[in-house]
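Since the structure comes first, as structure tokens, the remarks are kept for the end.
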Amino acid sequence: MQIAVFSAQSYDRRFLDEALARRPAFAEVTLHYFTEALSMQSLALAQHCGAVCVFVNDVLDAQVLGALAQQGVRAVLLRCAGYNNVDVAVAVRLGLFVARVPGYSPEAVAEFTLALVLTLNRHTHRAYARVREGNFALDGLLGSNLHGKTVGLIGLGKIGMAAARIFHGFGCRVLGHDPAPPDAFGAVGEAVALAELLAGSDIVSLHCPLLPATHHLIGAAALAQMKPGAMLVNTSRGGLLDTPAVIEALKSRRLGALAIDVYEQESELFFHDHSADIISDDVFQRLLTFPNVLVTGHQGFFTEEALREIAETTLDNLDCYMQGAACPNLCLPA
Ligand code: NAI
């Protein structure tokens, strides 16, 4: 079985190779690593492969899926939880096996959310730079306690629940909004309607998937409902935010702070070194000018534990495909 691994970084290679070496039964499996993202331009790299292994910014729309199927690809193995980049309905029509890694380490993303909140709240990103320049003045670094604040979590799945437990441990009041809130949430927070969450939260954090119904969930209307001066955090998917509307809310000081680990146009930028390039995305560049905005390049998932789990589950999914066994991680059309 030949598998083309797209958007492969050195760490993907390391963890997948290690997982493969732990499975003697997979002696016939060969992983071919390509740094290129999957697209119409790059899909020829998967010639002679029975499966492709992809990540968050690979494009698997109807055209790419059709061409892959024609080329002989029968399986798509996602190394991520979200699958908004795959037209699953088309894949199912083409008879393709599509599986993801639904819950590799919710704590990785939840803990990273906390890192962003605490950094912005206590200005440690600015303190770090100041101290290195010999500036030990505290002016401008005044923060506030997290203890006693109200945190609103949109999406109470695996990551939202992990975040809820952590914020609860910090002594926060936790509000949550989800079409199907899990019973366990009652032990750490209160399930409320979206409007109530937006109006009552000092910090709003997004943990729901990107779907047609959640595209630009936070736009001008939602921002106007938020508490003046509140913090907004998005570690989920860039398309949940209407970024120009968020910039307007920052300029008007209505929004107090913003942390994003994801960005709607991130496929042009993230996971690559652009430090010597001219970045032509003016919306993204505007975000970087605000002192109260923290941007990271989709690293919420990036822990040893999560990468090990992603590699193992990806190979478990492959095993299901090769054995024709029922796979618990199949992607289903929305
Ligand atoms: P999950 O599937 O366990 O939970 C998602 C939750 O969102 C479900 O409870 C669902 O009912 C809820 N939901 C659906 N529509 C909603 C809506 N309109 N409003 C509120 N809630 C809604 O997913 P999990 O593992 O918790 O991941 C959440 C998201 O985090 C993923 O979809 C992915 O986009 C993102 N993610 C980001 C990573 C990063 O590195 N920054 C890594 C992994 C996931």
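Going through the structure tokens in order, the chains are called A, B, and so on, while each chain numbers its residues from 1 and the ligands are numbered from 1 in the order shown.
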**Request:** Give me the residues within 10 Å of Gly95 in chain A as an MDAnalysis selection string, counting only C-alpha atoms and dropping any in the same chain fewer than 5 places off.
**Result:** chainID A and resid 69 74:75 89:90
Go ahead and write the residues just picked, N, CA, C and O atoms, as a PDB file, in the first residue's frame.
ATOM      1  N   ALA A  69      -9.872  10.113  -7.290  1.00  0.00           N
ATOM      2  CA  ALA A  69     -10.554   8.827  -7.491  1.00  0.00           C
ATOM      3  C   ALA A  69     -10.193   8.258  -8.856  1.00  0.00           C
ATOM      4  O   ALA A  69      -9.941   7.050  -8.981  1.00  0.00           O
ATOM      5  N   ARG A  74      -8.267   5.531  -3.136  1.00  0.00           N
ATOM      6  CA  ARG A  74      -9.517   5.016  -2.571  1.00  0.00           C
ATOM      7  C   ARG A  74      -9.743   5.484  -1.138  1.00  0.00           C
ATOM      8  O   ARG A  74     -10.817   5.274  -0.580  1.00  0.00           O
ATOM      9  N   ALA A  75      -8.722   6.055  -0.500  1.00  0.00           N
ATOM     10  CA  ALA A  75      -8.883   6.432   0.911  1.00  0.00           C
ATOM     11  C   ALA A  75      -8.232   7.782   1.193  1.00  0.00           C
ATOM     12  O   ALA A  75      -7.185   8.112   0.628  1.00  0.00           O
ATOM     13  N   ALA A  89     -19.627  14.781   1.165  1.00  0.00           N
ATOM     14  CA  ALA A  89     -20.749  14.230   0.389  1.00  0.00           C
ATOM     15  C   ALA A  89     -20.240  13.685  -0.946  1.00  0.00           C
ATOM     16  O   ALA A  89     -20.622  12.582  -1.370  1.00  0.00           O
ATOM     17  N   VAL A  90     -19.359  14.451  -1.592  1.00  0.00           N
ATOM     18  CA  VAL A  90     -18.801  14.009  -2.880  1.00  0.00           C
ATOM     19  C   VAL A  90     -17.939  12.767  -2.668  1.00  0.00           C
ATOM     20  O   VAL A  90     -18.004  11.805  -3.432  1.00  0.00           O
TER      21      VAL A  90
END
Output as a JSON list (two decimals) with N, CA and C atoms, in the first residue's frame all residues of range 113-314 of chain A that backbone DSSP marks as alpha helix (DSSP H).
[["chain", "number", "residue", "atom", "x", "y", "z"],
["A", 113, "THR", "N", -5.31, 27.35, 24.63],
["A", 113, "THR", "CA", -6.29, 28.44, 24.78],
["A", 113, "THR", "C", -5.98, 29.22, 26.06],
["A", 114, "LEU", "N", -5.71, 28.47, 27.13],
["A", 114, "LEU", "CA", -5.36, 29.12, 28.41],
["A", 114, "LEU", "C", -4.09, 29.95, 28.28],
["A", 115, "ALA", "N", -3.11, 29.39, 27.56],
["A", 115, "ALA", "CA", -1.85, 30.11, 27.37],
["A", 115, "ALA", "C", -2.11, 31.45, 26.68],
["A", 116, "LEU", "N", -2.99, 31.45, 25.69],
["A", 116, "LEU", "CA", -3.30, 32.69, 24.96],
["A", 116, "LEU", "C", -4.02, 33.68, 25.88],
["A", 117, "VAL", "N", -5.00, 33.17, 26.63],
["A", 117, "VAL", "CA", -5.77, 34.04, 27.53],
["A", 117, "VAL", "C", -4.86, 34.68, 28.57],
["A", 118, "LEU", "N", -4.02, 33.87, 29.20],
["A", 118, "LEU", "CA", -3.16, 34.40, 30.27],
["A", 118, "LEU", "C", -2.12, 35.36, 29.70],
["A", 119, "THR", "N", -1.62, 35.06, 28.51],
["A", 119, "THR", "CA", -0.64, 35.94, 27.89],
["A", 119, "THR", "C", -1.24, 37.32, 27.63],
["A", 120, "LEU", "N", -2.42, 37.31, 27.00],
["A", 120, "LEU", "CA", -3.06, 38.60, 26.69],
["A", 120, "LEU", "C", -3.46, 39.34, 27.95],
["A", 121, "ASN", "N", -3.98, 38.58, 28.90],
["A", 121, "ASN", "CA", -4.51, 39.19, 30.11],
["A", 121, "ASN", "C", -3.41, 39.83, 30.95],
["A", 122, "ARG", "N", -2.22, 39.19, 30.99],
["A", 122, "ARG", "CA", -1.13, 39.72, 31.81],
["A", 122, "ARG", "C", -0.01, 40.34, 30.98],
["A", 124, "THR", "N", 2.18, 39.22, 28.96],
["A", 124, "THR", "CA", 3.53, 38.62, 29.04],
["A", 124, "THR", "C", 4.25, 38.69, 27.70],
["A", 125, "HIS", "N", 3.50, 38.76, 26.59],
["A", 125, "HIS", "CA", 4.14, 38.89, 25.28],
["A", 125, "HIS", "C", 4.90, 40.22, 25.20],
["A", 126, "ARG", "N", 4.32, 41.25, 25.82],
["A", 126, "ARG", "CA", 4.98, 42.57, 25.78],
["A", 126, "ARG", "C", 6.08, 42.65, 26.84],
["A", 127, "ALA", "N", 5.83, 42.02, 28.00],
["A", 127, "ALA", "CA", 6.83, 42.04, 29.07],
["A", 127, "ALA", "C", 8.11, 41.35, 28.61],
["A", 128, "TYR", "N", 7.97, 40.26, 27.88],
["A", 128, "TYR", "CA", 9.12, 39.49, 27.40],
["A", 128, "TYR", "C", 10.03, 40.39, 26.54],
["A", 129, "ALA", "N", 9.40, 41.11, 25.62],
["A", 129, "ALA", "CA", 10.18, 41.97, 24.73],
["A", 129, "ALA", "C", 10.81, 43.13, 25.50],
["A", 130, "ARG", "N", 10.04, 43.71, 26.43],
["A", 130, "ARG", "CA", 10.54, 44.85, 27.22],
["A", 130, "ARG", "C", 11.78, 44.49, 28.02],
["A", 131, "VAL", "N", 11.68, 43.39, 28.75],
["A", 131, "VAL", "CA", 12.77, 43.00, 29.66],
["A", 131, "VAL", "C", 14.05, 42.73, 28.87],
["A", 132, "ARG", "N", 13.90, 42.16, 27.69],
["A", 132, "ARG", "CA", 15.09, 41.89, 26.87],
["A", 132, "ARG", "C", 15.76, 43.18, 26.40],
["A", 158, "LYS", "N", -15.14, 17.87, 22.79],
["A", 158, "LYS", "CA", -13.98, 17.39, 23.57],
["A", 158, "LYS", "C", -13.10, 18.57, 24.03],
["A", 159, "ILE", "N", -12.81, 19.50, 23.10],
["A", 159, "ILE", "CA", -11.92, 20.62, 23.46],
["A", 159, "ILE", "C", -12.66, 21.61, 24.37],
["A", 160, "GLY", "N", -13.91, 21.93, 24.02],
["A", 160, "GLY", "CA", -14.69, 22.86, 24.84],
["A", 160, "GLY", "C", -14.82, 22.35, 26.28],
["A", 161, "MET", "N", -15.04, 21.05, 26.42],
["A", 161, "MET", "CA", -15.18, 20.47, 27.78],
["A", 161, "MET", "C", -13.84, 20.52, 28.53],
["A", 162, "ALA", "N", -12.75, 20.23, 27.82],
["A", 162, "ALA", "CA", -11.43, 20.30, 28.48],
["A", 162, "ALA", "C", -11.16, 21.73, 28.93],
["A", 163, "ALA", "N", -11.53, 22.70, 28.08],
["A", 163, "ALA", "CA", -11.35, 24.12, 28.45],
["A", 163, "ALA", "C", -12.24, 24.47, 29.64],
["A", 164, "ALA", "N", -13.47, 23.96, 29.63],
["A", 164, "ALA", "CA", -14.42, 24.25, 30.72],
["A", 164, "ALA", "C", -13.85, 23.79, 32.06],
["A", 165, "ARG", "N", -13.26, 22.58, 32.07],
["A", 165, "ARG", "CA", -12.70, 22.06, 33.33],
["A", 165, "ARG", "C", -11.54, 22.95, 33.81],
["A", 166, "ILE", "N", -10.72, 23.41, 32.87],
["A", 166, "ILE", "CA", -9.56, 24.22, 33.26],
["A", 166, "ILE", "C", -10.03, 25.58, 33.80],
["A", 167, "PHE", "N", -10.94, 26.24, 33.08],
["A", 167, "PHE", "CA", -11.41, 27.57, 33.53],
["A", 167, "PHE", "C", -12.13, 27.44, 34.88],
["A", 168, "HIS", "N", -12.88, 26.34, 35.04],
["A", 168, "HIS", "CA", -13.56, 26.11, 36.32],
["A", 168, "HIS", "C", -12.51, 26.02, 37.43],
["A", 169, "GLY", "N", -11.41, 25.32, 37.14],
["A", 169, "GLY", "CA", -10.33, 25.18, 38.12],
["A", 169, "GLY", "C", -9.68, 26.51, 38.49],
["A", 194, "LEU", "N", -26.86, 31.51, 23.00],
["A", 194, "LEU", "CA", -25.70, 32.24, 22.49],
["A", 194, "LEU", "C", -25.74, 33.72, 22.90],
["A", 195, "ALA", "N", -26.92, 34.34, 22.80],
["A", 195, "ALA", "CA", -27.03, 35.77, 23.11],
["A", 195, "ALA", "C", -26.64, 36.02, 24.57],
["A", 196, "GLU", "N", -27.08, 35.15, 25.45],
["A", 196, "GLU", "CA", -26.78, 35.31, 26.89],
["A", 196, "GLU", "C", -25.28, 35.14, 27.13],
["A", 197, "LEU", "N", -24.69, 34.18, 26.43],
["A", 197, "LEU", "CA", -23.24, 33.94, 26.58],
["A", 197, "LEU", "C", -22.46, 35.17, 26.12],
["A", 198, "LEU", "N", -22.84, 35.70, 24.96],
["A", 198, "LEU", "CA", -22.09, 36.85, 24.41],
["A", 198, "LEU", "C", -22.22, 38.06, 25.34],
["A", 199, "ALA", "N", -23.43, 38.28, 25.86],
["A", 199, "ALA", "CA", -23.67, 39.48, 26.69],
["A", 199, "ALA", "C", -23.03, 39.36, 28.06],
["A", 200, "GLY", "N", -22.82, 38.10, 28.53],
["A", 200, "GLY", "CA", -22.41, 37.95, 29.92],
["A", 200, "GLY", "C", -20.95, 37.57, 30.12],
["A", 220, "ALA", "N", -20.24, 41.38, 12.88],
["A", 220, "ALA", "CA", -20.59, 42.66, 13.50],
["A", 220, "ALA", "C", -21.72, 42.51, 14.53],
["A", 221, "ALA", "N", -22.74, 41.69, 14.21],
["A", 221, "ALA", "CA", -23.89, 41.58, 15.12],
["A", 221, "ALA", "C", -23.47, 40.93, 16.44],
["A", 222, "ALA", "N", -22.72, 39.83, 16.37],
["A", 222, "ALA", "CA", -22.31, 39.15, 17.61],
["A", 222, "ALA", "C", -21.35, 40.03, 18.40],
["A", 223, "LEU", "N", -20.46, 40.73, 17.72],
["A", 223, "LEU", "CA", -19.50, 41.61, 18.41],
["A", 223, "LEU", "C", -20.24, 42.70, 19.17],
["A", 224, "ALA", "N", -21.34, 43.20, 18.57],
["A", 224, "ALA", "CA", -22.12, 44.27, 19.22],
["A", 224, "ALA", "C", -22.83, 43.74, 20.47],
["A", 225, "GLN", "N", -23.08, 42.43, 20.51],
["A", 225, "GLN", "CA", -23.74, 41.85, 21.69],
["A", 225, "GLN", "C", -22.77, 41.57, 22.82],
["A", 243, "THR", "N", -13.19, 38.56, 10.02],
["A", 243, "THR", "CA", -12.02, 39.29, 10.51],
["A", 243, "THR", "C", -12.12, 40.81, 10.30],
["A", 244, "PRO", "N", -12.58, 41.32, 9.13],
["A", 244, "PRO", "CA", -12.72, 42.78, 9.03],
["A", 244, "PRO", "C", -13.64, 43.37, 10.10],
["A", 245, "ALA", "N", -14.71, 42.65, 10.44],
["A", 245, "ALA", "CA", -15.62, 43.14, 11.49],
["A", 245, "ALA", "C", -14.91, 43.15, 12.85],
["A", 246, "VAL", "N", -14.07, 42.15, 13.08],
["A", 246, "VAL", "CA", -13.32, 42.08, 14.33],
["A", 246, "VAL", "C", -12.33, 43.25, 14.41],
["A", 247, "ILE", "N", -11.71, 43.57, 13.28],
["A", 247, "ILE", "CA", -10.76, 44.70, 13.26],
["A", 247, "ILE", "C", -11.50, 46.00, 13.59],
["A", 248, "GLU", "N", -12.70, 46.18, 13.04],
["A", 248, "GLU", "CA", -13.48, 47.39, 13.35],
["A", 248, "GLU", "C", -13.79, 47.45, 14.85],
["A", 249, "ALA", "N", -14.13, 46.29, 15.43],
["A", 249, "ALA", "CA", -14.45, 46.25, 16.87],
["A", 249, "ALA", "C", -13.21, 46.56, 17.72],
["A", 250, "LEU", "N", -12.03, 46.15, 17.24],
["A", 250, "LEU", "CA", -10.79, 46.48, 17.97],
["A", 250, "LEU", "C", -10.51, 47.98, 17.85],
["A", 251, "LYS", "N", -10.72, 48.52, 16.63],
["A", 251, "LYS", "CA", -10.43, 49.95, 16.42],
["A", 251, "LYS", "C", -11.35, 50.83, 17.26],
["A", 282, "ASP", "N", -3.46, 42.40, 3.62],
["A", 282, "ASP", "CA", -3.52, 43.61, 4.45],
["A", 282, "ASP", "C", -4.38, 43.41, 5.71],
["A", 283, "VAL", "N", -5.38, 42.55, 5.62],
["A", 283, "VAL", "CA", -6.24, 42.31, 6.79],
["A", 283, "VAL", "C", -5.40, 41.64, 7.88],
["A", 284, "PHE", "N", -4.65, 40.63, 7.48],
["A", 284, "PHE", "CA", -3.79, 39.92, 8.45],
["A", 284, "PHE", "C", -2.74, 40.88, 9.03],
["A", 285, "GLN", "N", -2.12, 41.67, 8.16],
["A", 285, "GLN", "CA", -1.08, 42.58, 8.62],
["A", 285, "GLN", "C", -1.64, 43.62, 9.58],
["A", 286, "ARG", "N", -2.88, 44.07, 9.34],
["A", 286, "ARG", "CA", -3.51, 45.05, 10.24],
["A", 286, "ARG", "C", -3.66, 44.45, 11.64],
["A", 287, "LEU", "N", -4.04, 43.16, 11.68],
["A", 287, "LEU", "CA", -4.20, 42.50, 12.99],
["A", 287, "LEU", "C", -2.91, 42.57, 13.80],
["A", 304, "GLU", "N", 3.82, 16.92, 21.87],
["A", 304, "GLU", "CA", 4.35, 15.56, 21.66],
["A", 304, "GLU", "C", 3.22, 14.54, 21.74],
["A", 305, "GLU", "N", 2.40, 14.70, 22.80],
["A", 305, "GLU", "CA", 1.34, 13.73, 23.05],
["A", 305, "GLU", "C", 0.34, 13.71, 21.89],
["A", 306, "ALA", "N", -0.02, 14.90, 21.42],
["A", 306, "ALA", "CA", -1.01, 14.98, 20.35],
["A", 306, "ALA", "C", -0.45, 14.41, 19.05],
["A", 307, "LEU", "N", 0.80, 14.71, 18.74],
["A", 307, "LEU", "CA", 1.36, 14.21, 17.48],
["A", 307, "LEU", "C", 1.49, 12.68, 17.49],
["A", 308, "ARG", "N", 1.83, 12.14, 18.67],
["A", 308, "ARG", "CA", 1.93, 10.68, 18.78],
["A", 308, "ARG", "C", 0.55, 10.05, 18.56],
["A", 309, "GLU", "N", -0.47, 10.66, 19.17],
["A", 309, "GLU", "CA", -1.84, 10.15, 19.07],
["A", 309, "GLU", "C", -2.37, 10.31, 17.63],
["A", 310, "ILE", "N", -2.04, 11.43, 16.99],
["A", 310, "ILE", "CA", -2.49, 11.65, 15.60],
["A", 310, "ILE", "C", -1.91, 10.53, 14.70],
["A", 311, "ALA", "N", -0.62, 10.26, 14.87],
["A", 311, "ALA", "CA", 0.03, 9.24, 14.03],
["A", 311, "ALA", "C", -0.59, 7.87, 14.29],
["A", 312, "GLU", "N", -0.81, 7.53, 15.56],
["A", 312, "GLU", "CA", -1.38, 6.22, 15.89],
["A", 312, "GLU", "C", -2.79, 6.08, 15.31],
["A", 313, "THR", "N", -3.61, 7.10, 15.52],
["A", 313, "THR", "CA", -5.01, 7.00, 15.05],
["A", 313, "THR", "C", -5.06, 6.98, 13.53],
["A", 314, "THR", "N", -4.16, 7.73, 12.88],
["A", 314, "THR", "CA", -4.13, 7.72, 11.41],
["A", 314, "THR", "C", -3.85, 6.29, 10.92]]
**Of the listed residues A:Gln2, A:Gln63, A:Glu190, A:Tyr83, that which approaches Asn329 in chain A most closely, counting only C-alpha atoms** =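 Smallest separation from Asn329 in chain A among the options: A:Tyr83.
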**Request:** Could you give me the residues within 9 Å of ligand 1, counting only C-alpha atoms and all ligand atoms, as a ChimeraX atom specification?
**Result:** /A:56,80-84,101-106,108-109,112-113,153-162,176-182,194,206-211,213-214,217,234-238,260-262,297-302
**Request:** Would you please work out which residue, of A:Val151, A:Ala37, A:Met226, A:Leu318, is nearest to Ile3 in chain A when using only C-alpha atoms?
**Result:**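 Nearest candidate to Ile3 in chain A out of A:Val151, A:Ala37, A:Met226, A:Leu318: A:Leu318.
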**Test item, strand (DSSP E or B) assignment across range 59-200 of chain A, answer as number ranges by chain** = A: 60, 75-78, 86, 97-99, 150-154, 173-177, 190-191
**Asked** When you draw a straight line from CA of Gln71 in chain A to CA of Ser42 in chain A, how long is it in Å?
**Response** 12.6 Å
**Prompt:** Looking at A:Phe97, A:Phe270, A:Phe136, A:Phe170, which one is nearest to Tyr321 in chain A, with distances taken over only C-alpha atoms?
**Reply:**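 Closest to Tyr321 in chain A of all the choices is A:Phe97.
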**Message:** I'd like the neighbourhood of Ala46 in chain A as a list of chain:residue names, where a residue qualifies if any of its atoms comes within 9 Å (using only C-alpha atoms), though same-chain residues fewer than 3 positions away should be ignored.
**Reply:** A:Gln2, A:Ile3, A:Ala4, A:Val5, A:Phe6, A:His32, A:Ser42, A:Leu43, A:Cys49, A:Gly50, A:Ala51, A:Val52, A:Leu68, A:Gln71, A:Val73
